[in-house]
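Coordinates from structure.csv are shown below (CSV, N, CA and C atoms).
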```
chain,number,residue,atom,x,y,z
Z,941,MET,N,-3.2,-11.0,5.2
Z,941,MET,CA,-2.0,-10.9,4.5
Z,941,MET,C,-0.9,-10.5,5.4
Z,942,ARG,N,0.3,-11.0,5.1
Z,942,ARG,CA,1.5,-10.6,5.9
Z,942,ARG,C,2.1,-9.4,5.2
Z,943,ILE,N,2.3,-8.3,6.0
Z,943,ILE,CA,2.9,-7.1,5.4
Z,943,ILE,C,4.4,-7.0,5.7
Z,944,ILE,N,5.2,-6.8,4.7
Z,944,ILE,CA,6.6,-6.7,4.9
Z,944,ILE,C,7.0,-5.3,4.4
Z,945,ALA,N,7.4,-4.4,5.1
Z,945,ALA,CA,7.8,-4.4,6.5
Z,945,ALA,C,7.1,-3.2,7.1
Z,946,LYS,N,6.5,-3.4,8.3
Z,946,LYS,CA,5.8,-2.3,9.0
Z,946,LYS,C,6.8,-1.2,9.3
Z,947,ARG,N,8.0,-1.5,9.5
Z,947,ARG,CA,9.0,-0.5,9.9
Z,947,ARG,C,9.1,0.6,8.8
Z,948,THR,N,8.9,0.3,7.6
Z,948,THR,CA,8.9,1.3,6.5
Z,948,THR,C,7.8,2.3,6.7
Z,949,ILE,N,6.6,1.8,7.0
Z,949,ILE,CA,5.5,2.8,7.2
Z,949,ILE,C,5.6,3.5,8.5
Z,950,ARG,N,6.1,2.9,9.5
Z,950,ARG,CA,6.3,3.5,10.8
Z,950,ARG,C,7.3,4.7,10.7
Z,951,GLU,N,8.4,4.4,10.0
Z,951,GLU,CA,9.4,5.5,9.7
Z,951,GLU,C,8.8,6.7,8.9
Z,952,PHE,N,7.9,6.3,8.0
Z,952,PHE,CA,7.3,7.4,7.2
Z,952,PHE,C,6.4,8.2,8.1
Z,953,TRP,N,5.5,7.6,8.9
Z,953,TRP,CA,4.6,8.4,9.8
Z,953,TRP,C,5.4,9.2,10.8
Z,954,GLU,N,6.5,8.8,11.2
Z,954,GLU,CA,7.3,9.6,12.1
Z,954,GLU,C,7.8,10.9,11.5
Z,955,LYS,N,8.0,10.9,10.2
Z,955,LYS,CA,8.3,12.1,9.4
Z,955,LYS,C,7.1,12.9,9.0
Z,956,HIS,N,6.0,12.2,8.9
Z,956,HIS,CA,4.7,12.8,8.4
Z,956,HIS,C,3.6,12.3,9.4
Z,957,PRO,N,3.5,13.0,10.5
Z,957,PRO,CA,2.6,12.6,11.6
Z,957,PRO,C,1.1,12.5,11.1
Z,958,ASP,N,0.7,13.3,10.2
Z,958,ASP,CA,-0.7,13.2,9.7
Z,958,ASP,C,-1.0,11.9,9.0
Z,959,SER,N,0.0,11.2,8.6
Z,959,SER,CA,-0.2,9.9,8.0
Z,959,SER,C,-0.3,8.7,9.0
Z,960,GLU,N,0.0,8.9,10.2
Z,960,GLU,CA,0.0,7.8,11.2
Z,960,GLU,C,-1.3,7.0,11.3
Z,961,GLN,N,-2.4,7.7,11.6
Z,961,GLN,CA,-3.6,7.0,11.8
Z,961,GLN,C,-4.1,6.3,10.5
Z,962,PRO,N,-4.1,7.0,9.3
Z,962,PRO,CA,-4.5,6.3,8.1
Z,962,PRO,C,-3.6,5.1,7.8
Z,963,LEU,N,-2.3,5.2,8.0
Z,963,LEU,CA,-1.4,4.0,7.8
Z,963,LEU,C,-1.7,2.9,8.8
Z,964,ARG,N,-1.9,3.3,10.0
Z,964,ARG,CA,-2.3,2.2,11.0
Z,964,ARG,C,-3.5,1.5,10.6
Z,965,THR,N,-4.5,2.3,10.2
Z,965,THR,CA,-5.8,1.7,9.8
Z,965,THR,C,-5.6,0.8,8.5
Z,966,TRP,N,-4.8,1.3,7.6
Z,966,TRP,CA,-4.5,0.4,6.4
Z,966,TRP,C,-3.8,-0.9,6.8
Z,967,TYR,N,-2.8,-0.8,7.7
Z,967,TYR,CA,-2.1,-1.9,8.1
Z,967,TYR,C,-3.0,-2.9,8.8
Z,968,GLN,N,-3.9,-2.5,9.7
Z,968,GLN,CA,-4.8,-3.4,10.4
Z,968,GLN,C,-5.8,-4.0,9.5
Z,969,GLU,N,-6.3,-3.3,8.5
Z,969,GLU,CA,-7.3,-3.9,7.6
Z,969,GLU,C,-6.6,-4.9,6.7
Z,970,VAL,N,-5.4,-4.6,6.1
Z,970,VAL,CA,-4.8,-5.5,5.2
Z,970,VAL,C,-4.3,-6.8,6.0
Z,971,SER,N,-3.9,-6.6,7.3
Z,971,SER,CA,-3.5,-7.8,8.1
Z,971,SER,C,-4.6,-8.8,8.3
Z,972,ARG,N,-5.8,-8.3,8.2
Z,972,ARG,CA,-7.0,-9.2,8.5
Z,972,ARG,C,-7.6,-9.9,7.3
Z,973,VAL,N,-7.1,-9.6,6.1
Z,973,VAL,CA,-7.7,-10.2,4.9
Z,973,VAL,C,-6.7,-11.1,4.2
Z,974,LYS,N,-7.3,-11.9,3.3
Z,974,LYS,CA,-6.5,-12.8,2.5
Z,974,LYS,C,-7.0,-12.7,1.1
Z,975,TRP,N,-6.4,-11.8,0.3
Z,975,TRP,CA,-6.9,-11.7,-1.1
Z,975,TRP,C,-6.3,-12.8,-2.0
Z,976,LYS,N,-7.2,-13.3,-2.9
Z,976,LYS,CA,-6.8,-14.4,-3.8
Z,976,LYS,C,-6.4,-13.8,-5.1
Z,977,ASP,N,-6.8,-12.5,-5.4
Z,977,ASP,CA,-6.5,-11.9,-6.7
Z,977,ASP,C,-6.8,-10.4,-6.6
Z,978,PRO,N,-6.4,-9.7,-7.6
Z,978,PRO,CA,-6.6,-8.2,-7.6
Z,978,PRO,C,-8.1,-7.8,-7.5
Z,979,HIS,N,-9.0,-8.7,-8.1
Z,979,HIS,CA,-10.4,-8.4,-8.0
Z,979,HIS,C,-10.9,-8.3,-6.5
Z,980,GLN,N,-10.4,-9.2,-5.7
Z,980,GLN,CA,-10.8,-9.2,-4.3
Z,980,GLN,C,-10.2,-7.9,-3.6
Z,981,LEU,N,-9.0,-7.6,-3.9
Z,981,LEU,CA,-8.4,-6.3,-3.4
Z,981,LEU,C,-9.3,-5.1,-3.7
Z,982,LYS,N,-9.7,-5.0,-5.0
Z,982,LYS,CA,-10.6,-3.9,-5.4
Z,982,LYS,C,-11.9,-3.9,-4.7
Z,983,GLN,N,-12.4,-5.1,-4.3
Z,983,GLN,CA,-13.7,-5.1,-3.6
Z,983,GLN,C,-13.5,-4.5,-2.2
Z,984,HIS,N,-12.3,-4.7,-1.6
Z,984,HIS,CA,-12.0,-4.2,-0.3
Z,984,HIS,C,-11.6,-2.8,-0.3
Z,985,PHE,N,-10.8,-2.4,-1.3
Z,985,PHE,CA,-10.3,-1.0,-1.4
Z,985,PHE,C,-10.6,-0.5,-2.8
Z,986,SER,N,-11.8,0.0,-3.0
Z,986,SER,CA,-12.2,0.4,-4.3
Z,986,SER,C,-11.4,1.5,-4.9
Z,987,ALA,N,-10.8,2.3,-4.1
Z,987,ALA,CA,-10.0,3.5,-4.6
Z,987,ALA,C,-8.6,3.1,-4.9
Z,988,ALA,N,-8.2,1.9,-4.6
Z,988,ALA,CA,-6.8,1.4,-4.9
Z,988,ALA,C,-6.7,1.3,-6.5
Z,989,SER,N,-5.5,1.5,-6.9
Z,989,SER,CA,-5.2,1.4,-8.4
Z,989,SER,C,-4.4,0.1,-8.5
Z,990,ILE,N,-4.8,-0.8,-9.4
Z,990,ILE,CA,-4.1,-2.0,-9.7
Z,990,ILE,C,-3.1,-1.8,-10.8
Z,991,ILE,N,-1.9,-2.2,-10.6
Z,991,ILE,CA,-0.8,-2.1,-11.6
Z,991,ILE,C,-0.4,-3.5,-12.0
Z,992,GLY,N,-0.8,-3.9,-13.1
Z,992,GLY,CA,-0.4,-5.3,-13.5
Z,992,GLY,C,-1.1,-6.3,-12.6
Z,993,GLU,N,-0.6,-7.5,-12.5
Z,993,GLU,CA,-1.2,-8.5,-11.6
Z,993,GLU,C,-0.7,-8.5,-10.2
Z,994,ARG,N,0.4,-7.9,-9.9
Z,994,ARG,CA,1.0,-8.0,-8.6
Z,994,ARG,C,1.2,-6.7,-7.8
Z,995,ARG,N,0.8,-5.6,-8.4
Z,995,ARG,CA,1.1,-4.3,-7.7
Z,995,ARG,C,-0.2,-3.5,-7.5
Z,996,ALA,N,-0.2,-2.7,-6.4
Z,996,ALA,CA,-1.4,-1.9,-6.2
Z,996,ALA,C,-0.9,-0.6,-5.5
Z,997,VAL,N,-1.6,0.5,-5.7
Z,997,VAL,CA,-1.3,1.8,-5.1
Z,997,VAL,C,-2.5,2.2,-4.3
Z,998,PHE,N,-2.2,2.6,-3.1
Z,998,PHE,CA,-3.3,3.0,-2.1
Z,998,PHE,C,-3.1,4.5,-1.9
Z,999,ASN,N,-4.2,5.2,-1.9
Z,999,ASN,CA,-4.2,6.7,-1.5
Z,999,ASN,C,-4.3,6.8,0.0
Z,1000,ILE,N,-3.4,7.5,0.6
Z,1000,ILE,CA,-3.3,7.7,2.0
Z,1000,ILE,C,-3.5,9.2,2.3
Z,1001,CYS,N,-4.3,9.5,3.3
Z,1001,CYS,CA,-4.6,10.9,3.7
Z,1001,CYS,C,-5.3,11.7,2.5
Z,1002,GLY,N,-6.3,11.1,1.9
Z,1002,GLY,CA,-7.0,11.8,0.8
Z,1002,GLY,C,-6.1,12.0,-0.4
Z,1003,ASN,N,-5.3,11.1,-0.7
Z,1003,ASN,CA,-4.4,11.1,-1.8
Z,1003,ASN,C,-3.2,12.1,-1.6
Z,1004,LYS,N,-2.9,12.5,-0.4
Z,1004,LYS,CA,-1.7,13.3,-0.2
Z,1004,LYS,C,-0.5,12.5,-0.3
Z,1005,TYR,N,-0.6,11.2,0.2
Z,1005,TYR,CA,0.5,10.3,0.1
Z,1005,TYR,C,0.0,9.0,-0.7
Z,1006,ARG,N,1.0,8.3,-1.2
Z,1006,ARG,CA,0.8,7.1,-2.0
Z,1006,ARG,C,1.6,6.0,-1.4
Z,1007,LEU,N,1.0,4.8,-1.4
Z,1007,LEU,CA,1.6,3.6,-0.9
Z,1007,LEU,C,1.5,2.6,-2.0
Z,1008,LEU,N,2.7,2.2,-2.5
Z,1008,LEU,CA,2.8,1.2,-3.5
Z,1008,LEU,C,3.3,-0.1,-3.0
Z,1009,VAL,N,2.5,-1.1,-3.3
Z,1009,VAL,CA,2.9,-2.5,-2.7
Z,1009,VAL,C,3.0,-3.5,-3.9
Z,1010,GLU,N,3.7,-4.5,-3.6
Z,1010,GLU,CA,3.8,-5.7,-4.5
Z,1010,GLU,C,3.1,-6.8,-3.7
Z,1011,ILE,N,2.3,-7.6,-4.3
Z,1011,ILE,CA,1.5,-8.6,-3.6
Z,1011,ILE,C,1.7,-10.0,-4.2
Z,1012,ASP,N,2.0,-11.0,-3.4
Z,1012,ASP,CA,2.0,-12.4,-3.8
Z,1012,ASP,C,0.7,-13.0,-3.2
Z,1013,TYR,N,-0.2,-13.2,-4.0
Z,1013,TYR,CA,-1.5,-13.7,-3.6
Z,1013,TYR,C,-1.5,-15.1,-3.1
Z,1014,LEU,N,-0.6,-15.9,-3.7
Z,1014,LEU,CA,-0.5,-17.3,-3.3
Z,1014,LEU,C,0.2,-17.5,-1.9
Z,1015,LYS,N,1.2,-16.7,-1.6
Z,1015,LYS,CA,1.9,-16.7,-0.3
Z,1015,LYS,C,1.3,-15.8,0.7
Z,1016,SER,N,0.3,-15.0,0.3
Z,1016,SER,CA,-0.4,-14.1,1.2
Z,1016,SER,C,0.5,-13.0,1.8
Z,1017,TRP,N,1.4,-12.4,1.0
Z,1017,TRP,CA,2.2,-11.4,1.5
Z,1017,TRP,C,2.1,-10.1,0.7
Z,1018,VAL,N,2.3,-9.0,1.4
Z,1018,VAL,CA,2.3,-7.6,0.8
Z,1018,VAL,C,3.6,-7.0,1.1
Z,1019,PHE,N,4.3,-6.6,0.1
Z,1019,PHE,CA,5.7,-6.0,0.3
Z,1019,PHE,C,5.6,-4.6,-0.1
Z,1020,ILE,N,5.9,-3.7,0.8
Z,1020,ILE,CA,5.9,-2.3,0.6
Z,1020,ILE,C,7.1,-1.9,-0.3
Z,1021,ARG,N,6.8,-1.3,-1.5
Z,1021,ARG,CA,7.8,-0.9,-2.4
Z,1021,ARG,C,8.1,0.6,-2.4
Z,1022,PHE,N,7.1,1.4,-2.0
Z,1022,PHE,CA,7.3,2.8,-2.0
Z,1022,PHE,C,6.2,3.4,-1.1
Z,1023,ILE,N,6.6,4.5,-0.4
Z,1023,ILE,CA,5.6,5.3,0.3
Z,1023,ILE,C,6.1,6.7,0.2
Z,1024,GLY,N,5.3,7.7,-0.2
Z,1024,GLY,CA,5.8,9.0,-0.3
Z,1024,GLY,C,4.6,10.0,-0.7
Z,1025,THR,N,5.0,11.2,-0.9
Z,1025,THR,CA,4.0,12.2,-1.3
Z,1025,THR,C,3.5,11.8,-2.7
Z,1026,HIS,N,2.4,12.4,-3.1
Z,1026,HIS,CA,1.8,12.2,-4.4
Z,1026,HIS,C,2.8,12.7,-5.5
Z,1027,SER,N,3.4,13.8,-5.3
Z,1027,SER,CA,4.4,14.3,-6.3
Z,1027,SER,C,5.6,13.4,-6.4
Z,1028,ALA,N,6.1,12.9,-5.3
Z,1028,ALA,CA,7.2,12.0,-5.3
Z,1028,ALA,C,6.9,10.7,-6.1
Z,1029,TYR,N,5.6,10.2,-5.9
Z,1029,TYR,CA,5.2,9.0,-6.6
Z,1029,TYR,C,5.2,9.3,-8.1
Z,1030,ASN,N,4.8,10.5,-8.5
Z,1030,ASN,CA,4.8,10.8,-9.9
Z,1030,ASN,C,6.1,10.7,-10.6
Z,1031,LYS,N,7.2,10.7,-9.8
Z,1031,LYS,CA,8.6,10.7,-10.3
Z,1031,LYS,C,9.2,9.3,-10.4
Z,1032,ILE,N,8.4,8.3,-9.9
Z,1032,ILE,CA,9.0,6.9,-9.9
Z,1032,ILE,C,8.3,6.1,-11.0
Z,1033,GLU,N,8.9,5.0,-11.3
Z,1033,GLU,CA,8.3,4.0,-12.2
Z,1033,GLU,C,7.7,2.9,-11.4
Z,1034,ALA,N,6.4,3.0,-11.2
Z,1034,ALA,CA,5.7,2.1,-10.3
Z,1034,ALA,C,5.8,0.6,-10.7
Z,1035,THR,N,6.0,0.3,-11.9
Z,1035,THR,CA,6.1,-1.1,-12.4
Z,1035,THR,C,7.4,-1.7,-12.1
Z,1036,SER,N,8.4,-0.9,-11.8
Z,1036,SER,CA,9.8,-1.5,-11.6
Z,1036,SER,C,10.5,-1.1,-10.3
Z,1037,ILE,N,10.0,-0.2,-9.5
Z,1037,ILE,CA,10.6,0.1,-8.3
Z,1037,ILE,C,10.6,-1.0,-7.3
```

Starting from the file, lay out its structure as structure tokens.
Amino acid sequence: MRIIAKRTIREFWEKHPDSEQPLRTWYQEVSRVKWKDPHQLKQHFSAASIIGERRAVFNICGNKYRLLVEIDYLKSWVFIRFIGTHSAYNKIEATSI
């Protein structure tokens, strides 16, 4: 999958250094796969939460942080919509941000 944009997660880990290694690992794993549908995503990341057909939330650092992405399975891209603390995630509307 092509991830748009790594800069977003890099800027986040610069502010939250404990998230750097988990985010690097997430980035490397997602860059190596090509999901065809949400079912395949869940097979790879069983703890991810699927939101509708095109969005997923990943727990980072034992759920301290949340990474919300939008996915286009046909074009094989993952667009980062939000990354933040769990409490900040609770304040957003994950289906429309």

Quick check for you: according to DSSP on this backbone, which residues of chain Z are classed as strand (DSSP E)? Reply as JSON, numbers by chain. {"Z": [942, 943, 944, 989, 990, 991, 995, 996, 997, 998, 999, 1000, 1005, 1006, 1007, 1008, 1009, 1010, 1011, 1012, 1017, 1018, 1019, 1020, 1021, 1022, 1023, 1024, 1025]}

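Across the structure, atom CA of Z:Trp1017 and atom CA of Z:Val973 are spaced 10.5 Å apart.
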
When you count all atoms listed in the file, which of these residues is closest to Z:Ala945: Z:Ile1032, Z:Ile1037, Z:Ile1011, Z:Val1018?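 Result for the nearest residue to Z:Ala945: Z:Val1018.
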
Please list as JSON, numbers by chain every residue within 8 Å of Z:Leu1008, counting all atoms listed in the file and excluding residues in the same chain fewer than 2 positions away. {"Z": [995, 996, 997, 998, 999, 1005, 1006, 1010, 1011, 1019, 1020, 1021, 1022, 1023, 1024, 1034]}

So the first atom is atom N of Z:Ser1036 and the second is atom C of Z:Ala988; what is the distance between them in Å, to one decimal place?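 Separation between atom N of Z:Ser1036 and atom C of Z:Ala988: 16.2 Å.
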